[in-house]
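Structure below is start.cif: mmCIF, C-alpha atoms.
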```cif
data_coords
loop_
_atom_site.label_atom_id
_atom_site.label_comp_id
_atom_site.auth_asym_id
_atom_site.auth_seq_id
_atom_site.Cartn_x
_atom_site.Cartn_y
_atom_site.Cartn_z
CA MET A 10 11.60 15.91 2.73
CA THR A 11 10.06 12.51 1.99
CA PRO A 12 10.46 9.84 4.64
CA LEU A 13 11.29 6.56 2.90
CA VAL A 14 10.89 3.09 4.31
CA TYR A 15 12.84 0.25 2.71
CA ASP A 16 12.40 -3.48 3.07
CA ASP A 17 16.08 -4.29 3.38
CA ARG A 18 15.86 -7.45 5.46
CA PRO A 19 18.62 -10.00 4.92
CA GLY A 20 17.59 -12.54 2.33
CA THR A 21 15.38 -10.16 0.37
CA ARG A 22 15.56 -11.16 -3.29
CA ALA A 23 17.37 -8.77 -5.61
CA GLY A 24 14.87 -6.74 -7.60
CA SER A 25 12.03 -7.45 -5.19
CA ALA A 26 12.82 -4.69 -2.70
CA LEU A 27 9.90 -2.59 -1.58
CA GLU A 28 10.18 1.17 -1.06
CA ILE A 29 7.49 3.34 0.49
CA GLY A 30 7.59 7.13 0.43
CA VAL A 31 5.35 9.07 2.81
CA THR A 32 4.45 12.73 2.22
CA PRO A 33 1.61 15.08 3.12
CA GLY A 34 -1.28 14.56 0.73
CA PRO A 35 -2.59 17.09 -1.78
CA GLN A 36 -5.64 17.92 0.34
CA PRO A 37 -5.54 18.88 4.02
CA GLY A 38 -5.99 15.84 6.21
CA THR A 39 -4.47 13.36 3.75
CA VAL A 40 -1.22 11.40 3.67
CA HIS A 41 0.28 10.19 0.37
CA LEU A 42 2.10 6.84 0.34
CA CYS A 43 3.99 5.98 -2.85
CA VAL A 44 4.90 2.28 -3.02
CA SER A 45 7.53 0.99 -5.47
CA GLY A 46 8.75 -2.52 -6.31
CA GLU A 47 7.12 -5.93 -5.98
CA ILE A 48 4.57 -6.97 -3.38
CA ASP A 49 4.59 -10.68 -2.69
CA LEU A 50 4.67 -13.23 0.10
CA ASP A 51 8.21 -12.16 1.02
CA ASN A 52 7.31 -8.55 1.83
CA ALA A 53 3.52 -8.29 2.16
CA ALA A 54 3.79 -8.26 5.97
CA PHE A 55 6.24 -5.35 5.70
CA LEU A 56 3.74 -3.41 3.57
CA ARG A 57 0.87 -4.20 5.95
CA GLU A 58 2.86 -3.08 9.01
CA THR A 59 4.01 0.11 7.28
CA LEU A 60 0.41 0.97 6.35
CA LEU A 61 -0.75 0.30 9.91
CA ILE A 62 2.04 2.51 11.29
CA ALA A 63 0.97 5.27 8.88
CA LEU A 64 -2.60 4.85 10.10
CA ARG A 65 -1.51 5.23 13.73
CA SER A 66 0.89 8.10 12.99
CA HIS A 67 -1.34 10.26 10.80
CA ARG A 68 -4.92 11.36 11.35
CA GLY A 69 -5.99 11.79 7.75
CA THR A 70 -7.03 9.67 4.81
CA LEU A 71 -4.28 7.39 3.48
CA LEU A 72 -3.82 7.83 -0.27
CA LEU A 73 -1.92 4.97 -1.93
CA ASP A 74 0.01 5.43 -5.15
CA LEU A 75 0.69 1.93 -6.48
CA SER A 76 1.63 3.04 -10.00
CA ARG A 77 5.24 1.87 -9.46
CA ILE A 78 4.33 -1.67 -8.42
CA THR A 79 5.67 -4.17 -10.94
CA PHE A 80 4.06 -7.25 -9.35
CA CYS A 81 1.44 -7.90 -6.68
CA ASP A 82 0.17 -11.31 -5.59
CA CYS A 83 -2.65 -12.36 -3.27
CA ALA A 84 -0.43 -11.82 -0.19
CA GLY A 85 -0.08 -8.19 -1.27
CA LEU A 86 -3.82 -7.93 -1.79
CA ASN A 87 -4.36 -9.37 1.69
CA ALA A 88 -2.05 -6.70 3.15
CA LEU A 89 -4.02 -3.96 1.40
CA LEU A 90 -7.38 -5.33 2.52
CA THR A 91 -6.16 -5.80 6.11
CA ALA A 92 -4.99 -2.18 6.20
CA GLN A 93 -8.32 -1.09 4.67
CA LEU A 94 -10.24 -2.91 7.39
CA ALA A 95 -8.10 -1.25 10.07
CA THR A 96 -8.76 2.21 8.60
CA LEU A 97 -12.50 1.55 8.50
CA ARG A 98 -12.45 0.43 12.12
CA ALA A 99 -10.64 3.65 12.99
CA GLY A 100 -13.30 5.67 11.17
CA ARG A 101 -10.87 6.67 8.44
CA ARG A 102 -10.19 5.87 4.77
CA LEU A 103 -7.53 4.16 2.71
CA ARG A 104 -7.78 4.81 -1.03
CA ILE A 105 -5.76 3.60 -3.98
CA VAL A 106 -5.47 6.74 -6.10
CA THR A 107 -3.27 5.28 -8.86
CA ALA A 108 -2.26 1.73 -9.65
CA SER A 109 -0.08 -0.09 -12.15
CA ARG A 110 -1.58 -2.44 -14.72
CA SER A 111 -0.64 -5.50 -12.68
CA VAL A 112 -2.35 -4.11 -9.56
CA GLU A 113 -5.44 -3.05 -11.52
CA ARG A 114 -5.64 -6.53 -13.05
CA LEU A 115 -5.45 -8.19 -9.63
CA LEU A 116 -8.13 -5.88 -8.23
CA ARG A 117 -10.36 -6.50 -11.25
CA LEU A 118 -9.94 -10.30 -11.15
CA THR A 119 -10.74 -10.40 -7.43
CA SER A 120 -13.55 -7.81 -7.60
CA THR A 121 -11.90 -5.81 -4.83
CA ARG A 122 -11.28 -2.48 -6.60
CA THR A 123 -14.40 -0.87 -5.16
CA LEU A 124 -13.27 -1.75 -1.64
CA LEU A 125 -10.14 0.36 -2.05
CA THR A 126 -11.51 3.54 -3.64
#
```

When written as structure tokens, how does the structure in this file appear?
Amino acid sequence: MTPLVYDDRPGTRAGSALEIGVTPGPQPGTVHLCVSGEIDLDNAAFLRETLLIALRSHRGTLLLDLSRITFCDCAGLNALLTAQLATLRAGRRLRIVTASRSVERLLRLTSTRTLLT
């Protein structure tokens, strides 16, 4: 069974909902998080908090699948980098294992891809 977390706060724009599925990762000691939807100023804090909860709840490496992200702005990038910093401080890892074109473009333009691998 896949635990899903939805950003269903009142006032969330239609089509911008964020969904995060959490499952055991393919290797022992990993957790797979599949994120779907748009990441922007409206829900970046939700993503950041969900990643930090996953960090506190699981002891392994966090593997992010962002292949289903249709849009990601700098607020989303900030959420990812904040979660990455928290994992490093905890002596752990957060890795983007797959990303959509829009996410890859943002990471390339900001030269941050190597920080999240």

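Applied to the file shown here, the PyMOL selection byres ((chain A and resi 48) around 7) selects the residues Gly46, Glu47, Asp49, Asn52, Ala53, Phe80, Cys81, Asp82 and Gly85 of chain A.
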
Residue members of the PyMOL selection byres ((chain A and resi 58) around 12) in the file shown, as an mmCIF file with C-alpha atoms, in the coordinates of the input:
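Output contents, as saved in part-v8.cif:
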```
data_model
loop_
_atom_site.group_PDB
_atom_site.id
_atom_site.type_symbol
_atom_site.label_atom_id
_atom_site.label_comp_id
_atom_site.auth_asym_id
_atom_site.auth_seq_id
_atom_site.Cartn_x
_atom_site.Cartn_y
_atom_site.Cartn_z
ATOM 1 C CA VAL A 14 10.890 3.090 4.310
ATOM 2 C CA ASP A 16 12.400 -3.480 3.070
ATOM 3 C CA ILE A 29 7.490 3.340 0.490
ATOM 4 C CA ASN A 52 7.310 -8.550 1.830
ATOM 5 C CA ALA A 53 3.520 -8.290 2.160
ATOM 6 C CA ALA A 54 3.790 -8.260 5.970
ATOM 7 C CA PHE A 55 6.240 -5.350 5.700
ATOM 8 C CA LEU A 56 3.740 -3.410 3.570
ATOM 9 C CA ARG A 57 0.870 -4.200 5.950
ATOM 10 C CA THR A 59 4.010 0.110 7.280
ATOM 11 C CA LEU A 60 0.410 0.970 6.350
ATOM 12 C CA LEU A 61 -0.750 0.300 9.910
ATOM 13 C CA ILE A 62 2.040 2.510 11.290
ATOM 14 C CA ALA A 63 0.970 5.270 8.880
ATOM 15 C CA LEU A 64 -2.600 4.850 10.100
ATOM 16 C CA ARG A 65 -1.510 5.230 13.730
ATOM 17 C CA GLY A 85 -0.080 -8.190 -1.270
ATOM 18 C CA ALA A 88 -2.050 -6.700 3.150
ATOM 19 C CA LEU A 89 -4.020 -3.960 1.400
ATOM 20 C CA THR A 91 -6.160 -5.800 6.110
ATOM 21 C CA ALA A 92 -4.990 -2.180 6.200
ATOM 22 C CA ALA A 95 -8.100 -1.250 10.070
#
```

query: What does the PyMOL selection byres ((chain A and resi 101-112) around 8) select in this file, as a PyMOL selection string?
result: chain A and resi 69-81+92-93+96-100+113-116+125-126

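In this model, the gap between atom CA of A:Arg68 and atom CA of A:Leu94 comes to 15.7 Å.
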
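We find atom CA of A:Ser45 and atom CA of A:Leu27 to be spaced 5.8 Å apart.
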
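Reported to one decimal place, the separation of atom CA of A:Pro33 from atom CA of A:Cys83 is 28.5 Å.
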
With N, CA and C atoms retained, output stretch 96-111 of chain A as a PDB file, in the first residue's frame.
```pdb
ATOM      1  N   THR A  96      18.830  16.818   5.147  1.00  0.00           N
ATOM      2  CA  THR A  96      19.305  15.434   5.071  1.00  0.00           C
ATOM      3  C   THR A  96      20.816  15.363   5.279  1.00  0.00           C
ATOM      4  N   LEU A  97      21.540  16.328   4.731  1.00  0.00           N
ATOM      5  CA  LEU A  97      22.994  16.345   4.933  1.00  0.00           C
ATOM      6  C   LEU A  97      23.335  16.543   6.403  1.00  0.00           C
ATOM      7  N   ARG A  98      22.622  17.435   7.053  1.00  0.00           N
ATOM      8  CA  ARG A  98      22.852  17.672   8.488  1.00  0.00           C
ATOM      9  C   ARG A  98      22.552  16.431   9.314  1.00  0.00           C
ATOM     10  N   ALA A  99      21.624  15.620   8.841  1.00  0.00           N
ATOM     11  CA  ALA A  99      21.266  14.381   9.540  1.00  0.00           C
ATOM     12  C   ALA A  99      22.186  13.216   9.148  1.00  0.00           C
ATOM     13  N   GLY A 100      23.155  13.492   8.266  1.00  0.00           N
ATOM     14  CA  GLY A 100      24.072  12.451   7.831  1.00  0.00           C
ATOM     15  C   GLY A 100      23.452  11.492   6.838  1.00  0.00           C
ATOM     16  N   ARG A 101      22.465  11.967   6.108  1.00  0.00           N
ATOM     17  CA  ARG A 101      21.731  11.129   5.171  1.00  0.00           C
ATOM     18  C   ARG A 101      21.782  11.743   3.778  1.00  0.00           C
ATOM     19  N   ARG A 102      21.000  11.172   2.844  1.00  0.00           N
ATOM     20  CA  ARG A 102      21.009  11.670   1.463  1.00  0.00           C
ATOM     21  C   ARG A 102      19.598  11.850   0.943  1.00  0.00           C
ATOM     22  N   LEU A 103      19.456  12.836   0.082  1.00  0.00           N
ATOM     23  CA  LEU A 103      18.246  13.060  -0.701  1.00  0.00           C
ATOM     24  C   LEU A 103      18.706  13.124  -2.149  1.00  0.00           C
ATOM     25  N   ARG A 104      18.136  12.279  -2.999  1.00  0.00           N
ATOM     26  CA  ARG A 104      18.553  12.224  -4.396  1.00  0.00           C
ATOM     27  C   ARG A 104      17.346  12.315  -5.309  1.00  0.00           C
ATOM     28  N   ILE A 105      17.457  13.121  -6.345  1.00  0.00           N
ATOM     29  CA  ILE A 105      16.461  13.109  -7.411  1.00  0.00           C
ATOM     30  C   ILE A 105      16.890  12.005  -8.367  1.00  0.00           C
ATOM     31  N   VAL A 106      16.054  10.971  -8.479  1.00  0.00           N
ATOM     32  CA  VAL A 106      16.407   9.844  -9.342  1.00  0.00           C
ATOM     33  C   VAL A 106      15.839  10.001 -10.744  1.00  0.00           C
ATOM     34  N   THR A 107      14.691  10.644 -10.879  1.00  0.00           N
ATOM     35  CA  THR A 107      14.122  10.979 -12.185  1.00  0.00           C
ATOM     36  C   THR A 107      13.433  12.333 -12.071  1.00  0.00           C
ATOM     37  N   ALA A 108      13.468  13.071 -13.165  1.00  0.00           N
ATOM     38  CA  ALA A 108      12.867  14.405 -13.172  1.00  0.00           C
ATOM     39  C   ALA A 108      12.261  14.702 -14.535  1.00  0.00           C
ATOM     40  N   SER A 109      11.203  15.493 -14.524  1.00  0.00           N
ATOM     41  CA  SER A 109      10.574  15.916 -15.778  1.00  0.00           C
ATOM     42  C   SER A 109      11.479  16.923 -16.487  1.00  0.00           C
ATOM     43  N   ARG A 110      11.127  17.224 -17.718  1.00  0.00           N
ATOM     44  CA  ARG A 110      11.909  18.213 -18.476  1.00  0.00           C
ATOM     45  C   ARG A 110      11.936  19.567 -17.787  1.00  0.00           C
ATOM     46  N   SER A 111      10.788  19.989 -17.250  1.00  0.00           N
ATOM     47  CA  SER A 111      10.744  21.311 -16.610  1.00  0.00           C
ATOM     48  C   SER A 111      11.629  21.353 -15.364  1.00  0.00           C
TER      49      SER A 111
END
```
